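S.K.: Sharing input-v8.pdb (PDB, C-alpha atoms) below.
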ATOM      1  CA  LYS Y  30       0.000   0.000   0.000
ATOM      2  CA  VAL Y  31       2.998   2.305   0.528
ATOM      3  CA  VAL Y  32       4.103   2.102  -3.121
ATOM      4  CA  PRO Y  33       0.738   3.167  -4.604
ATOM      5  CA  LEU Y  34       0.560   6.093  -2.145
ATOM      6  CA  VAL Y  35       4.040   7.287  -3.124
ATOM      7  CA  THR Y  36       3.108   6.932  -6.783
ATOM      8  CA  ILE Y  37      -0.008   9.061  -6.292
ATOM      9  CA  LEU Y  38       1.989  11.757  -4.491
ATOM     10  CA  ILE Y  39       4.576  11.828  -7.284
ATOM     11  CA  LEU Y  40       1.888  12.025  -9.985
ATOM     12  CA  ASN Y  41       0.142  14.853  -8.145
ATOM     13  CA  ALA Y  42       3.423  16.741  -7.822
ATOM     14  CA  ILE Y  43       4.081  16.325 -11.548
ATOM     15  CA  LYS Y  44       0.540  17.464 -12.363
ATOM     16  CA  ASP Y  45       0.900  20.560 -10.148
ATOM     17  CA  GLY Y  46       4.245  21.353 -11.757
ATOM     18  CA  VAL Y  47       2.786  21.120 -15.254
ATOM     19  CA  GLU Y  48      -0.165  23.346 -14.273
ATOM     20  CA  ASP Y  49       2.180  25.925 -12.717
ATOM     21  CA  TYR Y  50       4.287  25.952 -15.885
ATOM     22  CA  ARG Y  51       1.228  26.408 -18.088
ATOM     23  CA  ARG Y  52      -0.116  29.180 -15.861
ATOM     24  CA  HIS Y  53       3.185  31.078 -15.850
ATOM     25  CA  LYS Y  54       3.503  30.660 -19.626
ATOM     26  CA  SER Y  55      -0.047  31.947 -20.090
ATOM     27  CA  ASP Y  56       0.658  34.900 -17.782
ATOM     28  CA  ARG Y  57       3.830  35.777 -19.711
ATOM     29  CA  MET Y  58       2.002  35.666 -23.038
ATOM     30  CA  GLU Y  59      -0.806  37.787 -21.591
ATOM     31  CA  ASN Y  60       1.604  40.371 -20.178
ATOM     32  CA  GLU Y  61       3.262  40.761 -23.588
ATOM     33  CA  ARG Y  62      -0.006  41.744 -25.248
ATOM     34  CA  ALA Y  63      -0.179  45.269 -26.636
ATOM     35  CA  THR Y  64      -2.603  47.956 -25.557
ATOM     36  CA  LEU Y  65      -3.062  51.682 -26.178
ATOM     37  CA  LEU Y  66      -2.326  54.259 -23.498
ATOM     38  CA  ALA Y  67      -3.445  57.863 -23.825
ATOM     39  CA  LYS Y  68      -0.823  60.583 -23.626
ATOM     40  CA  ARG Y  69      -0.806  64.363 -23.759
ATOM     41  CA  ALA Y  70      -0.821  65.754 -27.269
ATOM     42  CA  GLU Y  71       2.453  67.369 -28.333
ATOM     43  CA  GLY Y  72       2.096  69.372 -31.514
ATOM     44  CA  ASN Y  73       0.631  67.066 -34.145
ATOM     45  CA  SER Y  74       1.692  63.843 -32.425
ATOM     46  CA  ALA Y  75      -0.785  61.048 -31.794
ATOM     47  CA  ASN Y  76      -2.742  60.968 -28.556
ATOM     48  CA  THR Y  77      -2.067  57.277 -27.910
ATOM     49  CA  LYS Y  78       0.994  55.075 -27.601
ATOM     50  CA  VAL Y  79       1.387  51.304 -27.698
ATOM     51  CA  LYS Y  80       2.468  49.609 -24.462
ATOM     52  CA  ARG Y  81       2.609  46.058 -23.136
ATOM     53  CA  TRP Y  82       0.055  44.931 -20.563
ATOM     54  CA  CYS Y  83       2.814  44.504 -18.003
ATOM     55  CA  ASP Y  84       3.810  48.164 -18.450
ATOM     56  CA  VAL Y  85       0.373  49.548 -17.589
ATOM     57  CA  GLN Y  86       0.453  51.488 -14.310
ATOM     58  CA  VAL Y  87      -2.222  52.722 -11.944
ATOM     59  CA  GLY Y  88      -3.477  56.073 -13.202
ATOM     60  CA  ASN Y  89      -2.768  55.373 -16.868
ATOM     61  CA  MET Y  90      -5.589  56.168 -19.273
ATOM     62  CA  ILE Y  91      -6.269  53.154 -21.485
ATOM     63  CA  VAL Y  92      -7.964  52.867 -24.870
ATOM     64  CA  VAL Y  93      -9.482  49.449 -25.602
ATOM     65  CA  LYS Y  94     -11.073  48.875 -28.988
ATOM     66  CA  LYS Y  95     -13.919  46.571 -29.998
ATOM     67  CA  ASP Y  96     -13.146  42.843 -29.560
ATOM     68  CA  GLU Y  97      -9.977  43.600 -27.587
ATOM     69  CA  TYR Y  98      -9.314  42.485 -24.009
ATOM     70  CA  VAL Y  99      -8.987  44.944 -21.145
ATOM     71  CA  PRO Y 100      -5.391  44.902 -19.765
ATOM     72  CA  ALA Y 101      -6.135  46.172 -16.240
ATOM     73  CA  ASP Y 102      -9.088  46.883 -13.976
ATOM     74  CA  MET Y 103     -10.156  50.305 -15.209
ATOM     75  CA  VAL Y 104     -12.775  52.868 -14.255
ATOM     76  CA  LEU Y 105     -14.640  53.879 -17.395
ATOM     77  CA  VAL Y 106     -14.326  57.468 -18.588
ATOM     78  CA  ALA Y 107     -16.021  57.414 -22.000
ATOM     79  CA  SER Y 108     -16.841  55.232 -24.994
ATOM     80  CA  SER Y 109     -18.043  55.525 -28.571
ATOM     81  CA  HIS Y 110     -21.572  55.151 -27.195
ATOM     82  CA  PRO Y 111     -23.053  58.650 -26.748
ATOM     83  CA  GLU Y 112     -24.103  57.851 -23.180
ATOM     84  CA  GLY Y 113     -20.826  56.224 -22.190
ATOM     85  CA  GLN Y 114     -22.121  52.660 -22.092
ATOM     86  CA  VAL Y 115     -19.775  49.719 -22.654
ATOM     87  CA  TYR Y 116     -20.711  46.091 -23.261
ATOM     88  CA  VAL Y 117     -18.291  43.430 -22.061
ATOM     89  CA  GLU Y 118     -17.934  39.700 -22.529
ATOM     90  CA  THR Y 119     -16.787  38.130 -19.252
ATOM     91  CA  ALA Y 120     -16.213  34.498 -20.275
ATOM     92  CA  ASN Y 121     -12.505  34.657 -19.342
ATOM     93  CA  VAL Y 122     -13.317  36.084 -15.923
ATOM     94  CA  ASP Y 123     -16.384  34.219 -14.669
ATOM     95  CA  GLY Y 124     -17.235  31.757 -17.453
ATOM     96  CA  GLU Y 125     -20.467  33.533 -18.355
ATOM     97  CA  THR Y 126     -21.145  34.111 -22.056
ATOM     98  CA  ASN Y 127     -23.885  36.737 -21.828
ATOM     99  CA  LEU Y 128     -22.815  40.345 -22.314
ATOM    100  CA  LYS Y 129     -22.831  42.721 -19.360
ATOM    101  CA  THR Y 130     -23.398  46.458 -19.494
ATOM    102  CA  LYS Y 131     -20.943  48.882 -17.910
ATOM    103  CA  GLN Y 132     -21.414  52.621 -17.614
ATOM    104  CA  ALA Y 133     -19.049  55.568 -17.324
ATOM    105  CA  PRO Y 134     -20.323  58.084 -14.724
ATOM    106  CA  GLU Y 135     -22.811  60.421 -16.412
ATOM    107  CA  PRO Y 136     -21.183  63.695 -15.235
ATOM    108  CA  LEU Y 137     -17.833  62.436 -16.530
ATOM    109  CA  VAL Y 138     -19.342  61.560 -19.916
ATOM    110  CA  ARG Y 139     -20.756  65.067 -20.046
ATOM    111  CA  LEU Y 140     -17.371  66.623 -19.262
ATOM    112  CA  VAL Y 141     -15.487  64.524 -21.817
ATOM    113  CA  GLY Y 142     -18.178  64.941 -24.465
ATOM    114  CA  THR Y 143     -19.231  62.709 -27.362
ATOM    115  CA  HIS Y 144     -16.516  61.744 -29.819
ATOM    116  CA  GLU Y 145     -16.304  59.405 -32.770
ATOM    117  CA  LYS Y 146     -12.561  58.839 -32.469
ATOM    118  CA  PRO Y 147     -10.849  57.701 -29.253
ATOM    119  CA  GLU Y 148      -7.989  60.155 -29.871
ATOM    120  CA  ASP Y 149     -10.430  63.056 -29.596
ATOM    121  CA  ALA Y 150     -11.848  61.622 -26.368
ATOM    122  CA  CYS Y 151      -8.301  61.255 -25.002
ATOM    123  CA  GLU Y 152      -7.555  64.882 -25.780
ATOM    124  CA  SER Y 153     -10.772  66.022 -24.104
ATOM    125  CA  ALA Y 154     -10.238  63.807 -21.047
ATOM    126  CA  GLY Y 155      -6.660  65.074 -20.822
ATOM    127  CA  ARG Y 156      -7.978  68.534 -20.000
ATOM    128  CA  LEU Y 157      -9.547  67.204 -16.812
ATOM    129  CA  ARG Y 158      -7.810  66.873 -13.476
ATOM    130  CA  GLY Y 159      -8.773  64.585 -10.649
ATOM    131  CA  ARG Y 160      -8.128  61.543  -8.534
ATOM    132  CA  ILE Y 161      -9.806  58.243  -7.702
ATOM    133  CA  GLU Y 162     -10.227  56.964  -4.149
ATOM    134  CA  CYS Y 163     -11.210  53.299  -3.899
ATOM    135  CA  GLU Y 164     -10.934  50.167  -1.799
ATOM    136  CA  GLY Y 165      -7.675  48.251  -1.776
ATOM    137  CA  PRO Y 166      -6.992  45.392  -4.213
ATOM    138  CA  ASN Y 167      -9.221  42.374  -3.571
ATOM    139  CA  GLU Y 168     -10.549  39.226  -5.219
ATOM    140  CA  PHE Y 169     -14.233  40.152  -5.314
ATOM    141  CA  LEU Y 170     -15.252  40.210  -8.971
ATOM    142  CA  TYR Y 171     -18.743  41.611  -8.477
ATOM    143  CA  SER Y 172     -18.103  44.530  -6.164
ATOM    144  CA  PHE Y 173     -16.269  47.835  -6.336
ATOM    145  CA  VAL Y 174     -16.556  50.941  -4.178
ATOM    146  CA  GLY Y 175     -14.863  54.207  -4.958
ATOM    147  CA  THR Y 176     -15.134  57.925  -5.573
ATOM    148  CA  MET Y 177     -13.769  60.037  -8.394
ATOM    149  CA  HIS Y 178     -12.928  63.686  -7.777
ATOM    150  CA  VAL Y 179     -12.715  65.505 -11.094
ATOM    151  CA  ARG Y 180     -12.419  69.113 -12.201
ATOM    152  CA  THR Y 181     -11.729  71.066 -15.368
ATOM    153  CA  GLN Y 182      -8.668  73.220 -15.956
ATOM    154  CA  GLU Y 183     -10.085  76.621 -15.151
ATOM    155  CA  ILE Y 184      -8.839  79.640 -13.235
ATOM    156  CA  ILE Y 185     -11.372  78.817 -10.543
ATOM    157  CA  PRO Y 186     -11.793  75.055 -10.950
ATOM    158  CA  GLN Y 187     -14.932  73.399  -9.671
ATOM    159  CA  SER Y 188     -14.552  69.824  -8.488
ATOM    160  CA  GLU Y 189     -17.225  67.145  -8.866
ATOM    161  CA  LYS Y 190     -17.421  64.132  -6.581
ATOM    162  CA  LEU Y 191     -18.631  61.077  -8.501
ATOM    163  CA  PRO Y 192     -19.578  57.789  -6.765
ATOM    164  CA  LEU Y 193     -18.226  54.617  -8.388
ATOM    165  CA  ASP Y 194     -19.514  51.046  -8.144
ATOM    166  CA  GLU Y 195     -19.163  47.713  -9.961
ATOM    167  CA  THR Y 196     -20.949  49.078 -13.042
ATOM    168  CA  SER Y 197     -18.239  51.749 -13.413
ATOM    169  CA  ILE Y 198     -15.352  49.315 -13.786
ATOM    170  CA  ALA Y 199     -14.227  46.950 -16.554
ATOM    171  CA  LEU Y 200     -12.039  44.140 -15.244
ATOM    172  CA  ARG Y 201      -8.832  42.813 -16.712
ATOM    173  CA  GLY Y 202      -9.582  39.981 -19.135
ATOM    174  CA  VAL Y 203     -13.054  41.072 -20.254
ATOM    175  CA  LYS Y 204     -13.591  41.727 -23.962
ATOM    176  CA  ILE Y 205     -15.102  44.966 -25.254
ATOM    177  CA  LYS Y 206     -18.162  44.334 -27.426
ATOM    178  CA  ASN Y 207     -20.761  46.346 -29.366
ATOM    179  CA  VAL Y 208     -18.907  49.666 -29.049
ATOM    180  CA  GLN Y 209     -15.983  50.799 -31.191
ATOM    181  CA  TRP Y 210     -13.808  51.771 -28.239
ATOM    182  CA  ALA Y 211     -13.768  52.361 -24.496
ATOM    183  CA  LEU Y 212     -11.607  54.748 -22.482
ATOM    184  CA  GLY Y 213     -10.753  54.109 -18.840
ATOM    185  CA  VAL Y 214      -8.320  54.840 -15.992
ATOM    186  CA  ALA Y 215      -6.378  51.932 -14.507
ATOM    187  CA  VAL Y 216      -7.043  51.391 -10.791
ATOM    188  CA  TYR Y 217      -5.616  47.866 -10.315
ATOM    189  CA  THR Y 218      -2.855  46.397 -12.476
ATOM    190  CA  GLY Y 219      -0.896  43.167 -12.782
ATOM    191  CA  LYS Y 220      -1.146  40.832  -9.798
ATOM    192  CA  GLU Y 221      -3.424  43.280  -7.974
ATOM    193  CA  THR Y 222      -6.232  42.996 -10.540
ATOM    194  CA  LYS Y 223      -9.345  41.236  -9.307
ATOM    195  CA  ILE Y 224      -9.021  38.256 -11.656
ATOM    196  CA  MET Y 225      -5.395  37.622 -10.667
ATOM    197  CA  MET Y 226      -6.187  37.848  -6.953
ATOM    198  CA  ASN Y 227      -9.275  35.673  -7.430
ATOM    199  CA  ASN Y 228      -7.125  33.021  -9.106
ATOM    200  CA  LYS Y 229      -4.585  32.787  -6.295
ATOM    201  CA  GLY Y 230      -4.400  29.199  -5.174
ATOM    202  CA  LYS Y 231      -6.586  28.032  -8.029
ATOM    203  CA  LYS Y 232      -5.683  25.977 -11.046
ATOM    204  CA  GLY Y 233      -4.287  27.771 -14.059
ATOM    205  CA  ARG Y 234      -6.676  29.464 -16.403
ATOM    206  CA  LYS Y 235      -6.556  29.811 -20.157
ATOM    207  CA  MET Y 236      -7.374  33.053 -21.918
ATOM    208  CA  SER Y 237      -8.959  32.920 -25.333
ATOM    209  CA  HIS Y 238      -7.068  34.399 -28.268
TER     210      HIS Y 238
END
Please render this file's structure as C-alpha cells.
M.R.:
Amino acid sequence: KVVPLVTILILNAIKDGVEDYRRHKSDRMENERATLLAKRAEGNSANTKVKRWCDVQVGNMIVVKKDEYVPADMVLVASSHPEGQVYVETANVDGETNLKTKQAPEPLVRLVGTHEKPEDACESAGRLRGRIECEGPNEFLYSFVGTMHVRTQEIIPQSEKLPLDETSIALRGVKIKNVQWALGVAVYTGKETKIMMNNKGKKGRKMSH
C-alpha cells in the first residue's frame, strides 16, 4: 500500500508542476499583449501610444477597442456610445457568455463629451484633473466601491465628486463588445487585478485568443 501512495503523491506533484508551468507561460504571453495608453498631445503627435500589458500602471488612461481584451481593472471614462455605455464579454473572468453592461459616470461623460474617435476623447479627457479613491486590491469580482474627484482646468476650478460602483469598472480579461472603443483609468494592475487575486491558489486558467 505504501508504493501506490508514493506513486499518487509523485503524480500529483508532476501534475501541479505542469499546471504551474502552463499558468506562468499563459501569464507571460498575456503580459506581452499590446494595448493603447493615452498621452498628452504634443504638436501634431498622436494621442495614444502602444504599451505592453505589463507596463500599464495605476493612473494610466487606457484605450481598448472593440473585440480587444482589457489589460487592467479600469474605471470607465467614455466610450463611442453617446451615453458612455460599454458592453463586455466576461467568459474569461467568470465563465459567463452573456454580455454585461458597464457605464461611465454620467457627469464624466458630459465633461469629456461625445466623440467618434478615441484620440479626440483622449484629448478632451486630458484637460480634466482629478483623482480616484477606492478600496484596496481584492478578489471580489462583483463589487467595487470608490469615488472620483474631477475638475476642469479653469482659473477657478470646480470639483465634482462622482460615486463609483461595480458598473463603473471593466475588469482585466473582459472583452469589449458592441462599441468601437472604451476609455478608462487603470485602478488595479498586474497581480493586484481582481481576476489575478481571485485566481490565487486556483488551477491555471486559459485566456482565449
S.K.: So how far away is atom CA of Asn228 of chain Y from atom CA of Gly213 of chain Y, in Å?
M.R.: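 Atom CA of Gly213 of chain Y sits 23.5 Å away from atom CA of Asn228 of chain Y.
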S.K.: Selected by the PyMOL selection byres ((chain Y and resi 102) around 7) in the shown coordinates: which residues, as a PyMOL selection string?
M.R.: chain Y and resi 101+103+198-201+215-218+222
S.K.: With a distance cut-off of 9 Å and all atoms listed in the file, select the neighbouring residues of Thr143 of chain Y, excluding the residue or stretch itself and same-chain residues fewer than 5 positions from it, and output the selection as a ChimeraX atom specification.
M.R.: /Y:107-113,138,150
S.K.: Could you list, as a ChimeraX atom specification, every residue within 12 Å of segment 115-129 of chain Y, counting all atoms listed in the file and ignoring same-chain residues fewer than 3 positions away?
M.R.: /Y:93-99,102,104-112,132-134,168-171,195-213,222-228,233-238
S.K.: How many Å lie between atom CA of Val87 of chain Y and atom CA of Val214 of chain Y, rounded to one decimal?
M.R.: 7.6 Å
S.K.: I want to know what sits within 12 Å of Asp149 of chain Y, based on all atoms listed in the file, with residues of the same chain fewer than 2 positions away left out; could you give that as an NGL selection string?
M.R.: :Y and (67-70 or 75-77 or 92 or 107-109 or 141-147 or 151-156 or 210 or 212)
S.K.: Run the PyMOL selection byres ((chain Y and resi 78) around 6) mentally over the shown coordinates, then write out the matched residues as JSON, numbers by chain, using the chain letters and numbers from the document.
M.R.: {"Y": [65, 66, 77, 79]}
S.K.: Next, dump the selected residues to file, keeping only C-alpha atoms, as a PDB file, keeping the file's coordinate frame.
M.R.:
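Output saved as selection-v5.pdb:
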ATOM      1  CA  LEU Y  65      -3.062  51.682 -26.178  1.00  0.00           C
ATOM      2  CA  LEU Y  66      -2.326  54.259 -23.498  1.00  0.00           C
ATOM      3  CA  THR Y  77      -2.067  57.277 -27.910  1.00  0.00           C
ATOM      4  CA  VAL Y  79       1.387  51.304 -27.698  1.00  0.00           C
TER       5      VAL Y  79
END
S.K.: Output segment 121-144 of chain Y with N, CA, C and O atoms present, as an mmCIF file, in the frame of the given file.
M.R.:
data_model
loop_
_atom_site.group_PDB
_atom_site.id
_atom_site.type_symbol
_atom_site.label_atom_id
_atom_site.label_comp_id
_atom_site.auth_asym_id
_atom_site.auth_seq_id
_atom_site.Cartn_x
_atom_site.Cartn_y
_atom_site.Cartn_z
ATOM 1 N N ASN Y 121 -13.834 34.946 -19.886
ATOM 2 C CA ASN Y 121 -12.505 34.657 -19.342
ATOM 3 C C ASN Y 121 -12.389 34.966 -17.856
ATOM 4 O O ASN Y 121 -11.436 34.551 -17.206
ATOM 5 N N VAL Y 122 -13.360 35.689 -17.334
ATOM 6 C CA VAL Y 122 -13.317 36.084 -15.923
ATOM 7 C C VAL Y 122 -14.197 35.190 -15.061
ATOM 8 O O VAL Y 122 -13.767 34.675 -14.027
ATOM 9 N N ASP Y 123 -15.456 35.010 -15.488
ATOM 10 C CA ASP Y 123 -16.384 34.219 -14.669
ATOM 11 C C ASP Y 123 -17.056 33.080 -15.427
ATOM 12 O O ASP Y 123 -17.924 32.398 -14.881
ATOM 13 N N GLY Y 124 -16.675 32.862 -16.682
ATOM 14 C CA GLY Y 124 -17.235 31.757 -17.453
ATOM 15 C C GLY Y 124 -18.590 32.034 -18.072
ATOM 16 O O GLY Y 124 -19.117 31.199 -18.808
ATOM 17 N N GLU Y 125 -19.153 33.209 -17.815
ATOM 18 C CA GLU Y 125 -20.467 33.533 -18.355
ATOM 19 C C GLU Y 125 -20.334 34.109 -19.760
ATOM 20 O O GLU Y 125 -19.444 34.912 -20.037
ATOM 21 N N THR Y 126 -21.239 33.702 -20.654
ATOM 22 C CA THR Y 126 -21.145 34.111 -22.056
ATOM 23 C C THR Y 126 -22.046 35.292 -22.402
ATOM 24 O O THR Y 126 -21.887 35.901 -23.458
ATOM 25 N N ASN Y 127 -23.009 35.603 -21.525
ATOM 26 C CA ASN Y 127 -23.885 36.737 -21.828
ATOM 27 C C ASN Y 127 -23.154 38.056 -21.604
ATOM 28 O O ASN Y 127 -22.311 38.179 -20.711
ATOM 29 N N LEU Y 128 -23.465 39.045 -22.433
ATOM 30 C CA LEU Y 128 -22.815 40.345 -22.314
ATOM 31 C C LEU Y 128 -23.341 41.099 -21.104
ATOM 32 O O LEU Y 128 -24.505 40.995 -20.745
ATOM 33 N N LYS Y 129 -22.454 41.879 -20.497
ATOM 34 C CA LYS Y 129 -22.831 42.721 -19.360
ATOM 35 C C LYS Y 129 -22.632 44.184 -19.738
ATOM 36 O O LYS Y 129 -21.734 44.521 -20.514
ATOM 37 N N THR Y 130 -23.460 45.030 -19.191
ATOM 38 C CA THR Y 130 -23.398 46.458 -19.494
ATOM 39 C C THR Y 130 -22.645 47.204 -18.397
ATOM 40 O O THR Y 130 -22.934 47.053 -17.217
ATOM 41 N N LYS Y 131 -21.675 48.002 -18.815
ATOM 42 C CA LYS Y 131 -20.943 48.882 -17.910
ATOM 43 C C LYS Y 131 -21.242 50.328 -18.304
ATOM 44 O O LYS Y 131 -21.650 50.608 -19.426
ATOM 45 N N GLN Y 132 -21.011 51.241 -17.367
ATOM 46 C CA GLN Y 132 -21.414 52.621 -17.614
ATOM 47 C C GLN Y 132 -20.413 53.605 -17.013
ATOM 48 O O GLN Y 132 -20.140 53.559 -15.813
ATOM 49 N N ALA Y 133 -19.874 54.477 -17.851
ATOM 50 C CA ALA Y 133 -19.049 55.568 -17.324
ATOM 51 C C ALA Y 133 -19.956 56.542 -16.576
ATOM 52 O O ALA Y 133 -21.110 56.735 -16.970
ATOM 53 N N PRO Y 134 -19.485 57.140 -15.478
ATOM 54 C CA PRO Y 134 -20.323 58.084 -14.724
ATOM 55 C C PRO Y 134 -20.858 59.192 -15.631
ATOM 56 O O PRO Y 134 -20.109 59.792 -16.404
ATOM 57 N N GLU Y 135 -22.149 59.453 -15.525
ATOM 58 C CA GLU Y 135 -22.811 60.421 -16.412
ATOM 59 C C GLU Y 135 -22.158 61.807 -16.403
ATOM 60 O O GLU Y 135 -21.926 62.394 -17.477
ATOM 61 N N PRO Y 136 -21.834 62.373 -15.230
ATOM 62 C CA PRO Y 136 -21.183 63.695 -15.235
ATOM 63 C C PRO Y 136 -19.841 63.677 -15.965
ATOM 64 O O PRO Y 136 -19.457 64.660 -16.601
ATOM 65 N N LEU Y 137 -19.127 62.550 -15.861
ATOM 66 C CA LEU Y 137 -17.833 62.436 -16.530
ATOM 67 C C LEU Y 137 -18.018 62.374 -18.045
ATOM 68 O O LEU Y 137 -17.261 62.993 -18.802
ATOM 69 N N VAL Y 138 -19.030 61.635 -18.483
ATOM 70 C CA VAL Y 138 -19.342 61.560 -19.916
ATOM 71 C C VAL Y 138 -19.670 62.955 -20.445
ATOM 72 O O VAL Y 138 -19.251 63.341 -21.547
ATOM 73 N N ARG Y 139 -20.377 63.710 -19.639
ATOM 74 C CA ARG Y 139 -20.756 65.067 -20.046
ATOM 75 C C ARG Y 139 -19.516 65.961 -20.156
ATOM 76 O O ARG Y 139 -19.401 66.768 -21.086
ATOM 77 N N LEU Y 140 -18.583 65.813 -19.234
ATOM 78 C CA LEU Y 140 -17.371 66.623 -19.262
ATOM 79 C C LEU Y 140 -16.466 66.264 -20.436
ATOM 80 O O LEU Y 140 -15.869 67.139 -21.070
ATOM 81 N N VAL Y 141 -16.345 64.974 -20.716
ATOM 82 C CA VAL Y 141 -15.487 64.524 -21.817
ATOM 83 C C VAL Y 141 -16.133 64.821 -23.166
ATOM 84 O O VAL Y 141 -15.474 65.184 -24.136
ATOM 85 N N GLY Y 142 -17.462 64.682 -23.227
ATOM 86 C CA GLY Y 142 -18.178 64.941 -24.465
ATOM 87 C C GLY Y 142 -18.297 63.696 -25.331
ATOM 88 O O GLY Y 142 -17.738 62.636 -25.029
ATOM 89 N N THR Y 143 -19.031 63.816 -26.433
ATOM 90 C CA THR Y 143 -19.231 62.709 -27.362
ATOM 91 C C THR Y 143 -18.243 62.814 -28.513
ATOM 92 O O THR Y 143 -18.121 63.873 -29.140
ATOM 93 N N HIS Y 144 -17.538 61.742 -28.774
ATOM 94 C CA HIS Y 144 -16.516 61.744 -29.819
ATOM 95 C C HIS Y 144 -16.578 60.453 -30.630
ATOM 96 O O HIS Y 144 -16.821 59.382 -30.082
#
